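As provided, data-v2.cif (mmCIF, C-alpha atoms) reads as follows.
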data_coords
#
loop_
_atom_site.label_atom_id
_atom_site.label_comp_id
_atom_site.auth_asym_id
_atom_site.auth_seq_id
_atom_site.Cartn_x
_atom_site.Cartn_y
_atom_site.Cartn_z
CA ALA C 1038 105.44 -9.09 -125.48
CA GLN C 1039 108.03 -11.06 -127.37
CA SER C 1040 107.40 -11.36 -131.09
CA VAL C 1041 109.09 -12.25 -134.33
CA ALA C 1042 108.22 -11.16 -137.85
CA GLN C 1043 109.10 -12.58 -141.22
CA PRO C 1044 108.16 -9.82 -143.66
CA GLU C 1045 108.26 -11.97 -146.81
CA ASP C 1046 105.80 -14.76 -147.46
CA GLN C 1047 107.92 -16.03 -150.30
CA VAL C 1048 111.45 -15.61 -151.60
CA ASN C 1049 112.52 -16.64 -155.08
CA VAL C 1050 116.15 -17.13 -156.00
CA ALA C 1051 118.08 -18.81 -158.79
CA GLU C 1052 120.29 -21.75 -158.00
CA GLY C 1053 123.84 -20.65 -157.32
CA ASN C 1054 122.81 -17.17 -156.22
CA PRO C 1055 123.01 -15.99 -152.62
CA LEU C 1056 119.81 -16.12 -150.60
CA THR C 1057 118.51 -14.11 -147.67
CA VAL C 1058 115.42 -14.85 -145.60
CA LYS C 1059 114.53 -11.93 -143.34
CA CYS C 1060 113.53 -11.95 -139.70
CA THR C 1061 113.02 -9.16 -137.19
CA TYR C 1062 112.27 -9.56 -133.52
CA SER C 1063 110.95 -7.71 -130.52
CA VAL C 1064 112.02 -8.85 -127.07
CA SER C 1065 112.57 -7.46 -123.64
CA GLY C 1066 115.94 -8.57 -122.42
CA ASN C 1067 118.44 -10.71 -124.26
CA PRO C 1068 117.14 -12.32 -127.44
CA TYR C 1069 117.45 -16.05 -127.95
CA LEU C 1070 116.85 -16.62 -131.65
CA PHE C 1071 116.45 -19.72 -133.77
CA TRP C 1072 116.00 -20.75 -137.40
CA TYR C 1073 114.21 -23.89 -138.48
CA VAL C 1074 113.39 -25.39 -141.87
CA GLN C 1075 110.36 -27.52 -142.74
CA TYR C 1076 110.12 -29.77 -145.77
CA PRO C 1077 106.72 -31.02 -147.00
CA ASN C 1078 105.01 -33.41 -144.62
CA ARG C 1079 107.90 -33.23 -142.21
CA GLY C 1080 108.56 -31.69 -138.84
CA LEU C 1081 110.88 -28.76 -138.27
CA GLN C 1082 114.62 -29.21 -138.56
CA PHE C 1083 116.95 -27.03 -136.49
CA LEU C 1084 119.37 -24.91 -138.52
CA LEU C 1085 121.06 -22.57 -136.06
CA LYS C 1086 120.62 -20.38 -133.01
CA TYR C 1087 121.94 -17.18 -131.51
CA ILE C 1088 122.40 -17.00 -127.77
CA THR C 1089 125.32 -14.65 -127.25
CA GLY C 1090 128.74 -13.86 -128.67
CA ASP C 1091 129.69 -13.60 -132.33
CA ASN C 1092 127.02 -11.89 -134.40
CA LEU C 1093 127.54 -14.28 -137.31
CA VAL C 1094 126.21 -17.71 -136.50
CA LYS C 1095 127.00 -20.69 -138.70
CA GLY C 1096 124.60 -23.59 -138.90
CA SER C 1097 123.65 -26.70 -140.80
CA TYR C 1098 123.66 -27.20 -144.58
CA GLY C 1099 125.82 -24.11 -145.22
CA PHE C 1100 123.36 -21.66 -143.69
CA GLU C 1101 124.38 -18.77 -141.51
CA ALA C 1102 122.57 -15.93 -139.82
CA GLU C 1103 123.62 -12.45 -138.84
CA PHE C 1104 122.41 -11.01 -135.56
CA ASN C 1105 122.01 -7.23 -135.67
CA LYS C 1106 121.03 -5.72 -132.35
CA SER C 1107 120.53 -2.17 -133.58
CA GLN C 1108 118.17 -3.29 -136.34
CA THR C 1109 116.66 -6.09 -134.21
CA SER C 1110 117.17 -8.49 -137.09
CA PHE C 1111 118.35 -12.04 -137.50
CA HIS C 1112 118.43 -12.72 -141.23
CA LEU C 1113 119.20 -16.17 -142.58
CA LYS C 1114 121.72 -16.36 -145.41
CA LYS C 1115 123.44 -18.80 -147.70
CA PRO C 1116 126.14 -17.86 -150.22
CA SER C 1117 124.97 -20.22 -152.95
CA ALA C 1118 121.42 -21.59 -153.07
CA LEU C 1119 120.55 -25.15 -154.05
CA VAL C 1120 117.28 -26.39 -155.50
CA SER C 1121 117.08 -28.70 -152.50
CA ASP C 1122 116.96 -25.64 -150.21
CA SER C 1123 113.40 -25.03 -151.38
CA ALA C 1124 111.31 -25.32 -148.22
CA LEU C 1125 109.49 -23.35 -145.53
CA TYR C 1126 111.72 -21.43 -143.14
CA PHE C 1127 110.78 -20.32 -139.65
CA CYS C 1128 112.44 -17.78 -137.43
CA ALA C 1129 111.72 -18.13 -133.71
CA VAL C 1130 112.41 -16.34 -130.46
CA ARG C 1131 112.44 -17.90 -127.02
CA ASP C 1132 110.07 -16.00 -124.76
CA ILE C 1133 111.55 -16.05 -121.27
CA THR C 1134 109.07 -13.70 -119.64
CA GLY C 1135 106.48 -15.43 -117.49
CA GLY C 1136 107.61 -18.88 -118.42
CA PHE C 1137 109.49 -20.24 -121.37
CA LYS C 1138 107.96 -20.84 -124.76
CA THR C 1139 109.10 -20.54 -128.33
CA ILE C 1140 107.32 -18.03 -130.53
CA PHE C 1141 107.54 -18.68 -134.26
CA GLY C 1142 107.25 -16.33 -137.18
CA ALA C 1143 104.70 -16.98 -139.86
CA GLY C 1144 107.26 -18.64 -142.09
CA THR C 1145 108.85 -17.78 -145.43
CA ARG C 1146 108.59 -20.10 -148.38
CA LEU C 1147 111.83 -20.27 -150.34
CA PHE C 1148 111.80 -21.31 -153.98
CA VAL C 1149 115.12 -22.02 -155.63
CA LYS C 1150 114.89 -22.30 -159.40
CA ALA C 1151 117.34 -24.39 -161.38
CA LYS J 1067 120.61 -41.41 -131.49
CA ALA J 1068 117.08 -41.97 -132.57
CA GLY J 1069 115.07 -38.84 -133.22
CA VAL J 1070 111.72 -37.76 -131.93
CA THR J 1071 108.93 -40.14 -132.87
CA GLN J 1072 105.24 -39.37 -133.01
CA THR J 1073 102.35 -41.77 -133.40
CA PRO J 1074 100.11 -42.04 -135.22
CA ARG J 1075 101.23 -40.04 -138.24
CA TYR J 1076 97.71 -39.52 -139.52
CA LEU J 1077 94.31 -39.50 -137.83
CA ILE J 1078 90.80 -38.88 -139.02
CA LYS J 1079 88.13 -38.18 -136.42
CA THR J 1080 84.66 -36.71 -136.35
CA ARG J 1081 83.41 -33.75 -134.38
CA GLY J 1082 82.75 -34.48 -130.73
CA GLN J 1083 85.21 -37.35 -130.51
CA GLN J 1084 88.40 -37.26 -128.52
CA VAL J 1085 91.91 -38.12 -129.62
CA THR J 1086 95.24 -39.03 -128.02
CA LEU J 1087 98.57 -38.36 -129.68
CA SER J 1088 101.87 -39.80 -128.53
CA CYS J 1089 105.43 -38.50 -128.58
CA SER J 1090 108.67 -40.23 -127.67
CA PRO J 1091 111.53 -37.77 -127.15
CA ILE J 1092 115.19 -38.22 -127.90
CA SER J 1093 116.85 -40.46 -125.35
CA GLY J 1094 118.02 -38.42 -122.38
CA HIS J 1095 115.75 -35.47 -123.11
CA ARG J 1096 113.35 -34.62 -120.31
CA SER J 1097 111.36 -31.83 -121.88
CA VAL J 1098 108.57 -32.34 -124.38
CA SER J 1099 106.68 -29.45 -125.94
CA TRP J 1100 103.62 -29.60 -128.15
CA TYR J 1101 102.72 -27.24 -130.99
CA GLN J 1102 99.75 -26.88 -133.30
CA GLN J 1103 100.46 -25.89 -136.90
CA THR J 1104 97.69 -24.59 -139.16
CA PRO J 1105 97.82 -22.58 -142.39
CA GLY J 1106 95.93 -19.72 -140.77
CA GLN J 1107 97.52 -19.47 -137.34
CA GLY J 1108 100.97 -20.88 -138.05
CA LEU J 1109 102.84 -22.57 -135.26
CA GLN J 1110 101.33 -22.10 -131.83
CA PHE J 1111 102.65 -23.36 -128.53
CA LEU J 1112 100.33 -25.66 -126.59
CA PHE J 1113 102.29 -26.73 -123.52
CA GLU J 1114 105.54 -28.14 -122.25
CA TYR J 1115 106.19 -31.01 -119.88
CA PHE J 1116 109.35 -31.56 -117.88
CA SER J 1117 109.89 -34.40 -115.45
CA GLU J 1118 106.20 -35.38 -115.58
CA THR J 1119 105.03 -31.85 -114.72
CA GLN J 1120 103.51 -29.23 -116.95
CA ARG J 1121 106.03 -26.41 -116.84
CA ASN J 1122 104.69 -23.95 -119.42
CA LYS J 1123 101.34 -23.47 -121.08
CA GLY J 1124 100.05 -21.63 -124.13
CA ASN J 1125 96.64 -20.08 -124.72
CA PHE J 1126 94.53 -23.05 -125.68
CA PRO J 1127 91.21 -24.14 -124.15
CA GLY J 1128 91.02 -26.82 -121.52
CA ARG J 1129 89.97 -29.37 -124.14
CA PHE J 1130 93.67 -29.64 -124.88
CA SER J 1131 95.57 -31.51 -122.21
CA GLY J 1132 98.68 -33.56 -121.88
CA ARG J 1133 100.80 -35.65 -119.62
CA GLN J 1134 104.27 -37.02 -119.39
CA PHE J 1135 105.41 -40.37 -118.12
CA SER J 1136 108.45 -41.30 -116.08
CA ASN J 1137 110.30 -42.35 -119.24
CA SER J 1138 109.68 -38.82 -120.66
CA ARG J 1139 107.22 -40.03 -123.28
CA SER J 1140 104.31 -37.65 -123.59
CA GLU J 1141 100.72 -37.83 -124.70
CA MET J 1142 98.43 -35.06 -125.80
CA ASN J 1143 94.68 -35.36 -125.61
CA VAL J 1144 92.03 -33.30 -127.31
CA SER J 1145 88.46 -33.82 -126.17
CA THR J 1146 85.25 -32.84 -127.91
CA LEU J 1147 86.94 -32.28 -131.23
CA GLU J 1148 85.98 -29.31 -133.37
CA LEU J 1149 86.54 -28.77 -137.08
CA GLY J 1150 89.07 -26.08 -136.23
CA ASP J 1151 91.25 -28.62 -134.44
CA SER J 1152 92.33 -30.03 -137.80
CA ALA J 1153 96.05 -29.38 -137.87
CA LEU J 1154 99.52 -30.80 -137.80
CA TYR J 1155 100.49 -31.44 -134.19
CA LEU J 1156 104.20 -31.28 -133.59
CA CYS J 1157 106.12 -32.52 -130.63
CA ALA J 1158 109.53 -31.10 -129.73
CA SER J 1159 112.12 -32.63 -127.46
CA SER J 1160 114.93 -30.88 -125.59
CA PRO J 1161 117.19 -31.58 -122.62
CA GLY J 1162 115.08 -29.18 -120.59
CA THR J 1163 117.80 -28.04 -118.23
CA GLN J 1164 118.42 -24.63 -119.81
CA GLN J 1165 115.01 -23.38 -120.80
CA GLY J 1166 116.15 -20.21 -122.45
CA ILE J 1167 118.73 -21.64 -124.78
CA ASP J 1168 117.94 -25.33 -125.20
CA THR J 1169 117.51 -26.40 -128.81
CA GLN J 1170 114.21 -28.13 -129.53
CA TYR J 1171 114.21 -31.09 -131.91
CA PHE J 1172 110.94 -31.80 -133.64
CA GLY J 1173 109.19 -34.98 -134.59
CA PRO J 1174 107.48 -35.49 -137.97
CA GLY J 1175 104.09 -34.56 -136.58
CA THR J 1176 100.64 -36.08 -136.44
CA ARG J 1177 98.20 -34.85 -139.07
CA LEU J 1178 94.74 -34.68 -137.48
CA THR J 1179 91.71 -34.23 -139.67
CA VAL J 1180 88.35 -33.58 -138.02
CA LEU J 1181 85.28 -34.23 -140.18
#
Would you mind writing the file's structure down as structure tokens?
Amino acid sequence: AQSVAQPEDQVNVAEGNPLTVKCTYSVSGNPYLFWYVQYPNRGLQFLLKYITGDNLVKGSYGFEAEFNKSQTSFHLKKPSALVSDSALYFCAVRDITGGFKTIFGAGTRLFVKA
Amino acid sequence: KAGVTQTPRYLIKTRGQQVTLSCSPISGHRSVSWYQQTPGQGLQFLFEYFSETQRNKGNFPGRFSGRQFSNSRSEMNVSTLELGDSALYLCASSPGTQQGIDTQYFGPGTRLTVL
């Protein structure tokens, strides 16, 4: 079965420092991977996705993610964190076996301290 | 382009009642998916509608149902509400033509509280 794991419930980083939010996946076939961010009392906002091609995917708000097939990872990164990046981040995989649905990780809460 | 809209934003119901939530997708999008978000279970897929037909379904009981209209607007209905149905219900819109790689765009959600 397709699955996605976010091993950290929370990540703390100082403003201006680089940030990484981790995600690993398990799929049969080609992985279609997504990152979303959720601010309080809001829906999810799309950040970026990996379908095929270049392993480094660039997305919205300066975020990028690196697809690593051998490690089955898709970590979200940003070179310099902002306080406004503090939010809940979700990694997701598109399950294409027996129908199409998006499976989300449990989420990682990012705190950026000024 | 206007984003995904969901109404109402907040609902309070009592056990045993039923509720209907509405979602208007981005113009031109034909797929609408529904998700339930709770602190304990996270984000779980309910179902997806495309061109007025349910195309994919998650593992929820039959009390959860939905439909889609010819203008792609979708409604979700929950009958015989239980306390455990309290959640944020999110609707996601996508073009629907490339199921594997389409990006889903989410609405702000409807917060349902069951007392």
As a ChimeraX atom specification, could you give me every residue of chain C near chain J (at most 9 Å apart, counting all atoms listed in the file)? /C:1069-1071,1078-1083,1085-1088,1131-1133,1135-1144
Give me the residues near segment 1080-1089 of chain J as a compact mmCIF listing (two decimals) with C-alpha atoms, in the frame of the given file, where near means some atom within 8 Å (using only C-alpha atoms) and where sequence neighbours in that chain fewer than 4 positions away do not count.
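Saved as around.txt:
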# COMPACT_ATOMS: atom_id res chain seq x y z
CA VAL J 1070 111.72 -37.76 -131.93
CA THR J 1071 108.93 -40.14 -132.87
CA GLN J 1072 105.24 -39.37 -133.01
CA THR J 1073 102.35 -41.77 -133.40
CA PRO J 1074 100.11 -42.04 -135.22
CA ARG J 1139 107.22 -40.03 -123.28
CA SER J 1140 104.31 -37.65 -123.59
CA GLU J 1141 100.72 -37.83 -124.70
CA MET J 1142 98.43 -35.06 -125.80
CA ASN J 1143 94.68 -35.36 -125.61
CA VAL J 1144 92.03 -33.30 -127.31
CA SER J 1145 88.46 -33.82 -126.17
CA THR J 1146 85.25 -32.84 -127.91
CA LEU J 1147 86.94 -32.28 -131.23
CA GLU J 1148 85.98 -29.31 -133.37
CA LEU J 1149 86.54 -28.77 -137.08
CA CYS J 1157 106.12 -32.52 -130.63
CA GLY J 1173 109.19 -34.98 -134.59
CA THR J 1176 100.64 -36.08 -136.44
CA VAL J 1180 88.35 -33.58 -138.02
CA LEU J 1181 85.28 -34.23 -140.18
Between atom CA of Thr1104 of chain J and atom CA of Ser1160 of chain J - distance in Å to one decimal: 22.8 Å
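Taking atom CA of Ser1117 of chain C and atom CA of Ala1129 of chain C as the two end points, the separation is 23.5 Å.
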Just give me the residues with any atom within 7 Å of (101.6, -33.9, -117.9), file coordinates, counting all atoms listed in the file, written as a VMD selection string. chain J and resid 1115 1118 to 1120 1132 to 1134
Let me know the residues the PyMOL selection byres ((chain C and resi 1105-1111) around 12) catches in the file above, as number ranges by chain. C: 1040-1044, 1057-1072, 1085-1094, 1101-1104, 1112-1114, 1127-1130, 1142
Of J:Gln1102, J:Asn1137, J:Ser1097, J:Ser1090, the one nearest to Thr1163 of chain J when counting all atoms listed in the file is J:Ser1097
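From atom CA of Phe1126 of chain J back to atom CA of Thr1134 of chain C, the distance works out to 18.3 Å.
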Choose the residue, out of J:Gly1150, J:Gly1069, J:Gly1128, J:Pro1161, that has the smallest atom-to-atom separation from Arg1096 of chain J; count only C-alpha atoms. J:Pro1161
Given the file shown, enumerate the residues that the PyMOL selection byres ((chain J and resi 1179) around 6) captures and present them as a PDB file with C-alpha atoms, keeping the file's coordinate frame.
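Written output follows (expr-v1.pdb):
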ATOM      1  CA  ILE J1078      90.800 -38.880-139.020  1.00  0.00           C
ATOM      2  CA  SER J1152      92.330 -30.030-137.800  1.00  0.00           C
ATOM      3  CA  LEU J1178      94.740 -34.680-137.480  1.00  0.00           C
ATOM      4  CA  VAL J1180      88.350 -33.580-138.020  1.00  0.00           C
TER       5      VAL J1180
END
Atoms kept (N, CA and C atoms) for segment 1072-1109 of chain C, as a CSV table (one decimal), in the first residue's frame:
chain,number,residue,atom,x,y,z
C,1072,TRP,N,3.9,18.6,-1.6
C,1072,TRP,CA,4.0,19.3,-0.3
C,1072,TRP,C,2.9,20.4,-0.2
C,1073,TYR,N,2.3,20.5,1.0
C,1073,TYR,CA,1.3,21.5,1.2
C,1073,TYR,C,1.6,22.1,2.6
C,1074,VAL,N,1.1,23.4,2.8
C,1074,VAL,CA,1.3,24.1,4.0
C,1074,VAL,C,-0.1,24.5,4.5
C,1075,GLN,N,-0.3,24.5,5.8
C,1075,GLN,CA,-1.6,24.9,6.4
C,1075,GLN,C,-1.4,25.9,7.5
C,1076,TYR,N,-2.0,27.0,7.3
C,1076,TYR,CA,-1.9,28.0,8.4
C,1076,TYR,C,-3.2,27.9,9.2
C,1077,PRO,N,-3.2,28.4,10.5
C,1077,PRO,CA,-4.3,28.2,11.4
C,1077,PRO,C,-5.6,28.6,10.8
C,1078,ASN,N,-6.6,27.8,10.9
C,1078,ASN,CA,-8.0,28.0,10.5
C,1078,ASN,C,-8.0,28.3,8.9
C,1079,ARG,N,-7.1,27.6,8.2
C,1079,ARG,CA,-7.1,27.8,6.8
C,1079,ARG,C,-7.1,26.4,6.1
C,1080,GLY,N,-7.3,26.4,4.9
C,1080,GLY,CA,-7.2,25.1,4.1
C,1080,GLY,C,-5.7,24.9,3.8
C,1081,LEU,N,-5.4,23.9,3.0
C,1081,LEU,CA,-4.1,23.6,2.6
C,1081,LEU,C,-3.7,24.4,1.4
C,1082,GLN,N,-2.5,24.9,1.4
C,1082,GLN,CA,-1.9,25.6,0.2
C,1082,GLN,C,-0.9,24.8,-0.4
C,1083,PHE,N,-0.9,24.6,-1.7
C,1083,PHE,CA,0.0,23.9,-2.5
C,1083,PHE,C,1.4,24.6,-2.5
C,1084,LEU,N,2.4,23.8,-2.3
C,1084,LEU,CA,3.8,24.4,-2.4
C,1084,LEU,C,4.5,23.9,-3.6
C,1085,LEU,N,4.6,22.6,-3.8
C,1085,LEU,CA,5.3,22.0,-4.9
C,1085,LEU,C,4.9,20.6,-5.1
C,1086,LYS,N,5.4,20.0,-6.2
C,1086,LYS,CA,5.1,18.6,-6.5
C,1086,LYS,C,6.3,18.0,-7.3
C,1087,TYR,N,6.5,16.7,-7.2
C,1087,TYR,CA,7.4,16.0,-8.0
C,1087,TYR,C,6.6,14.9,-8.8
C,1088,ILE,N,6.8,15.0,-10.1
C,1088,ILE,CA,6.2,14.0,-11.0
C,1088,ILE,C,7.3,13.2,-11.7
C,1089,THR,N,8.2,13.9,-12.3
C,1089,THR,CA,9.3,13.2,-13.0
C,1089,THR,C,10.3,14.3,-13.3
C,1090,GLY,N,11.5,13.8,-13.7
C,1090,GLY,CA,12.5,14.8,-14.1
C,1090,GLY,C,13.5,15.2,-13.0
C,1091,ASP,N,13.9,16.4,-13.0
C,1091,ASP,CA,14.9,17.0,-12.1
C,1091,ASP,C,14.5,16.6,-10.6
C,1092,ASN,N,15.5,16.1,-9.9
C,1092,ASN,CA,15.3,15.7,-8.5
C,1092,ASN,C,15.0,16.9,-7.6
C,1093,LEU,N,15.5,18.1,-8.0
C,1093,LEU,CA,15.3,19.2,-7.1
C,1093,LEU,C,14.1,20.0,-7.7
C,1094,VAL,N,13.1,20.1,-6.9
C,1094,VAL,CA,11.9,20.8,-7.3
C,1094,VAL,C,11.7,22.1,-6.6
C,1095,LYS,N,11.5,23.2,-7.4
C,1095,LYS,CA,11.3,24.5,-6.7
C,1095,LYS,C,9.8,24.8,-6.7
C,1096,GLY,N,9.4,25.5,-5.6
C,1096,GLY,CA,8.0,25.8,-5.4
C,1096,GLY,C,7.8,27.2,-5.0
C,1097,SER,N,6.7,27.3,-4.3
C,1097,SER,CA,6.2,28.7,-3.9
C,1097,SER,C,7.0,29.1,-2.6
C,1098,TYR,N,7.0,30.5,-2.4
C,1098,TYR,CA,7.5,31.1,-1.2
C,1098,TYR,C,9.0,30.7,-0.9
C,1099,GLY,N,9.8,30.3,-1.9
C,1099,GLY,CA,11.2,30.0,-1.7
C,1099,GLY,C,11.5,28.6,-1.3
C,1100,PHE,N,10.4,27.8,-1.2
C,1100,PHE,CA,10.6,26.4,-0.8
C,1100,PHE,C,11.1,25.5,-2.0
C,1101,GLU,N,11.8,24.5,-1.7
C,1101,GLU,CA,12.2,23.5,-2.7
C,1101,GLU,C,12.2,22.2,-2.0
C,1102,ALA,N,12.2,21.1,-2.8
C,1102,ALA,CA,12.2,19.8,-2.2
C,1102,ALA,C,13.1,18.9,-3.1
C,1103,GLU,N,13.8,18.0,-2.4
C,1103,GLU,CA,14.7,17.1,-3.1
C,1103,GLU,C,14.2,15.7,-3.1
C,1104,PHE,N,14.0,15.2,-4.3
C,1104,PHE,CA,13.5,13.8,-4.5
C,1104,PHE,C,14.7,12.9,-4.5
C,1105,ASN,N,14.7,11.9,-3.6
C,1105,ASN,CA,15.8,10.9,-3.5
C,1105,ASN,C,15.2,9.5,-3.6
C,1106,LYS,N,15.4,8.9,-4.8
C,1106,LYS,CA,14.8,7.6,-5.0
C,1106,LYS,C,15.4,6.5,-4.2
C,1107,SER,N,16.7,6.5,-4.0
C,1107,SER,CA,17.3,5.4,-3.3
C,1107,SER,C,17.0,5.5,-1.8
C,1108,GLN,N,16.7,6.7,-1.3
C,1108,GLN,CA,16.4,6.8,0.1
C,1108,GLN,C,14.8,6.9,0.3
C,1109,THR,N,14.1,6.9,-0.8
C,1109,THR,CA,12.7,7.1,-0.8
C,1109,THR,C,12.3,8.3,0.1
